[in-house]
>>> print(open('entry_28.pdb').read())   # PDB, C-alpha atoms, pLDDT in the B column
ATOM      1  CA  MET A   1     -18.926  10.839 -15.346  1.00 48.00           C
ATOM      2  CA  ARG A   2     -19.017   8.971 -12.076  1.00 55.00           C
ATOM      3  CA  THR A   3     -21.825   6.613 -11.221  1.00 61.00           C
ATOM      4  CA  SER A   4     -22.707   6.118  -7.599  1.00 67.00           C
ATOM      5  CA  ILE A   5     -23.190   2.639  -6.181  1.00 70.00           C
ATOM      6  CA  ASP A   6     -25.142   2.062  -2.986  1.00 71.00           C
ATOM      7  CA  LEU A   7     -22.963  -0.155  -0.771  1.00 68.00           C
ATOM      8  CA  THR A   8     -25.363  -0.146   2.201  1.00 70.00           C
ATOM      9  CA  PRO A   9     -26.563  -3.769   1.788  1.00 70.00           C
ATOM     10  CA  TYR A  10     -22.952  -4.962   1.739  1.00 69.00           C
ATOM     11  CA  ARG A  11     -22.005  -2.885   4.786  1.00 66.00           C
ATOM     12  CA  ARG A  12     -24.824  -4.527   6.773  1.00 64.00           C
ATOM     13  CA  SER A  13     -23.786  -8.081   5.913  1.00 67.00           C
ATOM     14  CA  THR A  14     -19.994  -7.868   6.234  1.00 68.00           C
ATOM     15  CA  VAL A  15     -17.630  -7.358   9.116  1.00 67.00           C
ATOM     16  CA  GLY A  16     -14.205  -5.736   8.892  1.00 65.00           C
ATOM     17  CA  PHE A  17     -14.493  -4.232   5.404  1.00 66.00           C
ATOM     18  CA  ASP A  18     -15.147  -0.645   6.518  1.00 69.00           C
ATOM     19  CA  ARG A  19     -11.870   0.639   5.090  1.00 67.00           C
ATOM     20  CA  LEU A  20     -12.593  -0.912   1.692  1.00 70.00           C
ATOM     21  CA  PHE A  21     -16.087   0.592   1.548  1.00 69.00           C
ATOM     22  CA  ASP A  22     -14.730   4.008   2.605  1.00 70.00           C
ATOM     23  CA  LEU A  23     -12.193   3.857  -0.235  1.00 69.00           C
ATOM     24  CA  LEU A  24     -14.924   2.980  -2.719  1.00 71.00           C
ATOM     25  CA  ASP A  25     -17.220   5.733  -1.405  1.00 68.00           C
ATOM     26  CA  ASN A  26     -14.484   8.366  -1.552  1.00 65.00           C
ATOM     27  CA  GLY A  27     -13.407   7.414  -5.052  1.00 61.00           C
ATOM     28  CA  ALA A  28      -9.854   6.376  -4.150  1.00 51.00           C
ATOM     29  CA  GLY A  29      -9.333   5.295  -7.732  1.00 51.00           C
ATOM     30  CA  HIS A  30      -9.504   8.917  -8.876  1.00 50.00           C
ATOM     31  CA  ASP A  31      -6.214  10.685  -8.280  1.00 52.00           C
ATOM     32  CA  VAL A  32      -6.753  14.354  -7.549  1.00 50.00           C
ATOM     33  CA  ALA A  33      -3.017  15.087  -7.973  1.00 56.00           C
ATOM     34  CA  GLY A  34      -3.241  14.522 -11.702  1.00 70.00           C
ATOM     35  CA  ASP A  35      -0.782  12.520 -13.728  1.00 81.00           C
ATOM     36  CA  TYR A  36       2.411  14.009 -12.356  1.00 86.00           C
ATOM     37  CA  PRO A  37       4.837  12.461 -11.777  1.00 90.00           C
ATOM     38  CA  PRO A  38       4.263   9.420 -13.986  1.00 92.00           C
ATOM     39  CA  TYR A  39       4.758   6.025 -12.359  1.00 94.00           C
ATOM     40  CA  ASP A  40       4.597   2.283 -13.045  1.00 93.00           C
ATOM     41  CA  LEU A  41       3.361  -0.465 -10.726  1.00 93.00           C
ATOM     42  CA  VAL A  42       5.190  -3.763 -11.219  1.00 92.00           C
ATOM     43  CA  GLN A  43       4.475  -7.120  -9.567  1.00 93.00           C
ATOM     44  CA  LEU A  44       7.837  -8.816  -9.077  1.00 93.00           C
ATOM     45  CA  SER A  45       6.472 -11.994  -7.478  1.00 91.00           C
ATOM     46  CA  GLU A  46       3.593 -13.126  -5.287  1.00 89.00           C
ATOM     47  CA  GLY A  47       3.445 -10.515  -2.512  1.00 88.00           C
ATOM     48  CA  THR A  48       6.349  -8.380  -3.829  1.00 92.00           C
ATOM     49  CA  TYR A  49       5.762  -5.181  -5.801  1.00 94.00           C
ATOM     50  CA  ARG A  50       7.729  -2.219  -7.099  1.00 95.00           C
ATOM     51  CA  ILE A  51       6.648   1.367  -7.765  1.00 95.00           C
ATOM     52  CA  ASP A  52       8.808   3.181 -10.328  1.00 96.00           C
ATOM     53  CA  VAL A  53       8.379   6.970 -10.329  1.00 95.00           C
ATOM     54  CA  ALA A  54       9.925   9.028 -13.151  1.00 94.00           C
ATOM     55  CA  LEU A  55      11.588  12.086 -11.631  1.00 92.00           C
ATOM     56  CA  ALA A  56      13.627  13.732 -14.381  1.00 88.00           C
ATOM     57  CA  GLY A  57      15.677  16.650 -13.096  1.00 84.00           C
ATOM     58  CA  TYR A  58      15.242  15.785  -9.406  1.00 89.00           C
ATOM     59  CA  LYS A  59      18.064  14.823  -7.058  1.00 90.00           C
ATOM     60  CA  ARG A  60      17.847  12.278  -4.273  1.00 91.00           C
ATOM     61  CA  GLU A  61      17.871  15.120  -1.717  1.00 91.00           C
ATOM     62  CA  ASP A  62      14.786  16.672  -3.361  1.00 91.00           C
ATOM     63  CA  VAL A  63      12.602  13.597  -2.716  1.00 94.00           C
ATOM     64  CA  GLU A  64      11.029  12.387   0.528  1.00 96.00           C
ATOM     65  CA  ILE A  65       9.275   9.044   1.082  1.00 96.00           C
ATOM     66  CA  VAL A  66       6.967   8.616   4.095  1.00 96.00           C
ATOM     67  CA  ALA A  67       5.293   5.318   4.952  1.00 93.00           C
ATOM     68  CA  GLN A  68       2.556   5.237   7.552  1.00 91.00           C
ATOM     69  CA  GLN A  69      -0.313   2.880   8.183  1.00 86.00           C
ATOM     70  CA  ASN A  70      -1.643   1.775   4.743  1.00 87.00           C
ATOM     71  CA  LEU A  71      -0.380   4.944   3.038  1.00 90.00           C
ATOM     72  CA  LEU A  72       2.823   5.652   1.137  1.00 94.00           C
ATOM     73  CA  THR A  73       3.550   9.279   0.280  1.00 94.00           C
ATOM     74  CA  VAL A  74       6.234  10.421  -2.151  1.00 95.00           C
ATOM     75  CA  LYS A  75       6.971  14.164  -2.049  1.00 95.00           C
ATOM     76  CA  GLY A  76       9.331  16.169  -4.185  1.00 93.00           C
ATOM     77  CA  GLU A  77      10.415  19.771  -4.163  1.00 90.00           C
ATOM     78  CA  ARG A  78      12.878  20.835  -6.783  1.00 78.00           C
ATOM     79  CA  GLY A  79      14.772  24.007  -6.050  1.00 69.00           C
ATOM     80  CA  GLN A  80      15.656  26.694  -8.565  1.00 67.00           C
ATOM     81  CA  GLU A  81      18.984  25.813 -10.183  1.00 65.00           C
ATOM     82  CA  ASN A  82      21.608  28.304 -11.252  1.00 58.00           C
ATOM     83  CA  GLU A  83      21.762  28.009 -15.004  1.00 64.00           C
ATOM     84  CA  LEU A  84      24.216  29.623 -17.355  1.00 68.00           C
ATOM     85  CA  GLY A  85      21.712  30.799 -19.954  1.00 76.00           C
ATOM     86  CA  ALA A  86      18.105  31.830 -20.367  1.00 82.00           C
ATOM     87  CA  ILE A  87      15.676  28.944 -20.817  1.00 79.00           C
ATOM     88  CA  LEU A  88      13.831  29.227 -24.115  1.00 85.00           C
ATOM     89  CA  HIS A  89      11.566  26.227 -23.520  1.00 86.00           C
ATOM     90  CA  ARG A  90      10.945  24.276 -20.320  1.00 81.00           C
ATOM     91  CA  GLY A  91       9.730  20.763 -21.104  1.00 83.00           C
ATOM     92  CA  ILE A  92      10.909  19.245 -17.820  1.00 80.00           C
ATOM     93  CA  PRO A  93       8.561  20.352 -15.017  1.00 78.00           C
ATOM     94  CA  MET A  94      10.098  22.103 -12.016  1.00 78.00           C
ATOM     95  CA  ARG A  95       7.074  21.917  -9.784  1.00 85.00           C
ATOM     96  CA  SER A  96       6.656  20.347  -6.390  1.00 90.00           C
ATOM     97  CA  PHE A  97       4.535  17.226  -6.127  1.00 93.00           C
ATOM     98  CA  GLU A  98       2.971  14.838  -3.668  1.00 94.00           C
ATOM     99  CA  ARG A  99       1.869  11.397  -4.842  1.00 93.00           C
ATOM    100  CA  ARG A 100      -0.007   9.071  -2.463  1.00 92.00           C
ATOM    101  CA  PHE A 101      -0.397   5.312  -2.759  1.00 91.00           C
ATOM    102  CA  GLN A 102      -2.919   3.339  -0.708  1.00 89.00           C
ATOM    103  CA  LEU A 103      -1.309   0.143   0.548  1.00 89.00           C
ATOM    104  CA  ALA A 104      -3.070  -3.082   1.450  1.00 86.00           C
ATOM    105  CA  ASP A 105      -2.833  -4.449   4.971  1.00 86.00           C
ATOM    106  CA  PHE A 106       0.576  -5.877   5.935  1.00 87.00           C
ATOM    107  CA  VAL A 107       2.371  -4.289   2.952  1.00 90.00           C
ATOM    108  CA  GLU A 108       5.674  -2.744   4.030  1.00 91.00           C
ATOM    109  CA  VAL A 109       8.364  -0.743   2.240  1.00 94.00           C
ATOM    110  CA  GLU A 110      11.357  -3.004   1.795  1.00 94.00           C
ATOM    111  CA  ALA A 111      13.761  -0.653  -0.048  1.00 95.00           C
ATOM    112  CA  ALA A 112      13.974   2.554  -2.063  1.00 96.00           C
ATOM    113  CA  LYS A 113      16.521   3.403  -4.747  1.00 96.00           C
ATOM    114  CA  PHE A 114      17.026   6.557  -6.830  1.00 96.00           C
ATOM    115  CA  GLU A 115      19.055   6.111  -9.996  1.00 94.00           C
ATOM    116  CA  ASN A 116      19.159   7.970 -13.315  1.00 91.00           C
ATOM    117  CA  GLY A 117      16.001   9.982 -12.588  1.00 90.00           C
ATOM    118  CA  LEU A 118      13.962   6.896 -11.620  1.00 95.00           C
ATOM    119  CA  LEU A 119      12.798   6.314  -8.045  1.00 96.00           C
ATOM    120  CA  SER A 120      12.136   2.616  -7.359  1.00 97.00           C
ATOM    121  CA  ILE A 121      10.299   1.631  -4.179  1.00 96.00           C
ATOM    122  CA  THR A 122      10.089  -2.087  -3.403  1.00 96.00           C
ATOM    123  CA  LEU A 123       7.093  -3.239  -1.350  1.00 94.00           C
ATOM    124  CA  LYS A 124       6.530  -6.617   0.265  1.00 93.00           C
ATOM    125  CA  ARG A 125       3.477  -8.154   1.878  1.00 90.00           C
ATOM    126  CA  VAL A 126       4.546  -9.531   5.254  1.00 88.00           C
ATOM    127  CA  LEU A 127       1.877 -11.562   7.009  1.00 82.00           C
ATOM    128  CA  PRO A 128       2.239 -11.906  10.787  1.00 81.00           C
ATOM    129  CA  GLU A 129       2.577 -15.464  12.063  1.00 81.00           C
ATOM    130  CA  ALA A 130      -0.937 -15.302  13.536  1.00 81.00           C
ATOM    131  CA  MET A 131      -2.378 -14.601  10.049  1.00 77.00           C
ATOM    132  CA  LYS A 132      -0.540 -17.399   8.233  1.00 78.00           C
ATOM    133  CA  PRO A 133      -2.445 -20.619   7.637  1.00 84.00           C
ATOM    134  CA  ARG A 134      -1.448 -23.473   9.894  1.00 84.00           C
ATOM    135  CA  LYS A 135      -2.216 -27.134   9.694  1.00 88.00           C
ATOM    136  CA  ILE A 136      -4.325 -28.518  12.541  1.00 88.00           C
ATOM    137  CA  GLU A 137      -3.682 -32.104  13.453  1.00 88.00           C
ATOM    138  CA  ILE A 138      -6.773 -34.273  13.804  1.00 88.00           C
ATOM    139  CA  SER A 139      -6.620 -36.819  16.595  1.00 86.00           C
ATOM    140  CA  SER A 140      -8.502 -40.060  16.802  1.00 84.00           C
ATOM    141  CA  GLY A 141     -11.396 -39.976  19.278  1.00 75.00           C
ATOM    142  CA  GLU A 142      -9.366 -41.746  21.999  1.00 71.00           C
ATOM    143  CA  ALA A 143      -6.832 -39.182  23.142  1.00 57.00           C
ATOM    144  CA  MET A 144      -8.596 -36.060  24.415  1.00 59.00           C
ATOM    145  CA  PRO A 145      -6.893 -33.088  26.020  1.00 59.00           C
ATOM    146  CA  SER A 146      -6.915 -33.247  29.801  1.00 61.00           C
ATOM    147  CA  GLY A 147      -9.968 -31.737  31.415  1.00 56.00           C
ATOM    148  CA  LEU A 148     -12.389 -32.529  28.541  1.00 54.00           C
ATOM    149  CA  SER A 149     -14.744 -35.467  28.151  1.00 53.00           C
ATOM    150  CA  ALA A 150     -15.492 -37.148  24.829  1.00 51.00           C
ATOM    151  CA  LYS A 151     -18.399 -34.750  24.255  1.00 55.00           C
ATOM    152  CA  GLY A 152     -16.246 -31.650  24.878  1.00 52.00           C
ATOM    153  CA  ALA A 153     -17.762 -30.826  28.274  1.00 53.00           C
ATOM    154  CA  PRO A 154     -15.468 -30.475  31.289  1.00 56.00           C
ATOM    155  CA  GLU A 155     -15.057 -33.672  33.250  1.00 57.00           C
ATOM    156  CA  PRO A 156     -16.455 -33.648  36.790  1.00 57.00           C
ATOM    157  CA  GLU A 157     -13.750 -33.348  39.431  1.00 59.00           C
ATOM    158  CA  ALA A 158     -13.012 -36.430  41.499  1.00 58.00           C
ATOM    159  CA  VAL A 159     -13.834 -36.076  45.179  1.00 54.00           C
TER     160      VAL A 159
END
>>> encode(input="entry_28.pdb", output="structure tokens")
Amino acid sequence: MRTSIDLTPYRRSTVGFDRLFDLLDNGAGHDVAGDYPPYDLVQLSEGTYRIDVALAGYKREDVEIVAQQNLLTVKGERGQENELGAILHRGIPMRSFERRFQLADFVEVEAAKFENGLLSITLKRVLPEAMKPRKIEISSGEAMPSGLSAKGAPEPEAV
């Protein structure tokens, strides 16, 4: 059962949160792809994360990772293998999949590794220099930048 929340009052009083509200409206928390393949999300440190996807029976060549703006897509297509005997029970799925992960702003894929049936994708939040906090020096009231008076208005030009 899904309850609907009216986000209209918040949309009117905020600026720049459209993407967040769209995700909430569209139910981004509900994965339509189901539970396959299973995965873990791990926080390695502040701003560094890892996604571990269990891909038993897949080879590295069968998996494709695509990163685009705020979206990471992991696709897999496992081909039919030549086997010596008839399979009596198939417990390891042989189906294709596509798993999507919504990424926050400034999160980039740092590395991907496939080992022993486990795909590990390392993500890192990289803030641009313009977004990082910077310390502003406070001057005493005596030294003002050229062209400004003590009240902040431009000084009249000398004739």
>>> resolve_selection(input="entry_28.pdb", expression="the PyMOL selection byres ((chain A and resi 59) around 12)", output="ChimeraX atom specification")
/A:54-58,60-64,76-79,81,94,113-119
>>> atom_distance(input="entry_28.pdb", atom1="atom CA of Asp52 of chain A", atom2="atom CA of Pro38 of chain A")
8.5 Å
>>> resolve_selection(input="entry_28.pdb", expression="the PyMOL selection byres ((chain A and resi 36) around 10)", output="mmCIF file with C-alpha atoms, keeping the file's coordinate frame")
data_model
loop_
_atom_site.group_PDB
_atom_site.id
_atom_site.type_symbol
_atom_site.label_atom_id
_atom_site.label_comp_id
_atom_site.auth_asym_id
_atom_site.auth_seq_id
_atom_site.Cartn_x
_atom_site.Cartn_y
_atom_site.Cartn_z
ATOM 1 C CA ALA A 33 -3.017 15.087 -7.973
ATOM 2 C CA GLY A 34 -3.241 14.522 -11.702
ATOM 3 C CA ASP A 35 -0.782 12.520 -13.728
ATOM 4 C CA PRO A 37 4.837 12.461 -11.777
ATOM 5 C CA PRO A 38 4.263 9.420 -13.986
ATOM 6 C CA TYR A 39 4.758 6.025 -12.359
ATOM 7 C CA VAL A 53 8.379 6.970 -10.329
ATOM 8 C CA ALA A 54 9.925 9.028 -13.151
ATOM 9 C CA LEU A 55 11.588 12.086 -11.631
ATOM 10 C CA PRO A 93 8.561 20.352 -15.017
ATOM 11 C CA ARG A 95 7.074 21.917 -9.784
ATOM 12 C CA SER A 96 6.656 20.347 -6.390
ATOM 13 C CA PHE A 97 4.535 17.226 -6.127
ATOM 14 C CA GLU A 98 2.971 14.838 -3.668
ATOM 15 C CA ARG A 99 1.869 11.397 -4.842
#
>>> closest_residue(input="entry_28.pdb", among="A:Ala67, A:Leu123, A:Leu24, A:Ile138", to="Glu46 of chain A", atoms="all atoms listed in the file")
A:Leu123
>>> atom_distance(input="entry_28.pdb", atom1="atom CA of Asp22 of chain A", atom2="atom CA of Glu108 of chain A")
21.5 Å
>>> atom_distance(input="entry_28.pdb", atom1="atom CA of Val74 of chain A", atom2="atom CA of Pro128 of chain A")
26.1 Å
>>> resolve_selection(input="entry_28.pdb", expression="the PyMOL selection byres ((chain A and resi 51) around 7)", output="list of chain:residue names")
A:Tyr39, A:Asp40, A:Leu41, A:Val42, A:Tyr49, A:Arg50, A:Asp52, A:Val53, A:Ser120, A:Ile121, A:Thr122
>>> axis_aligned_box(input="entry_28.pdb", around="segment 129-135 of chain A", padding_each_side="4 Å", output="JSON")
{"center_x": 0.1, "center_y": -20.9, "center_z": 10.6, "size_x": 13.0, "size_y": 20.5, "size_z": 13.9}
>>> closest_residue(input="entry_28.pdb", among="A:Ala86, A:Val66, A:Met131, A:Val126", to="Phe101 of chain A", atoms="only C-alpha atoms")
A:Val66
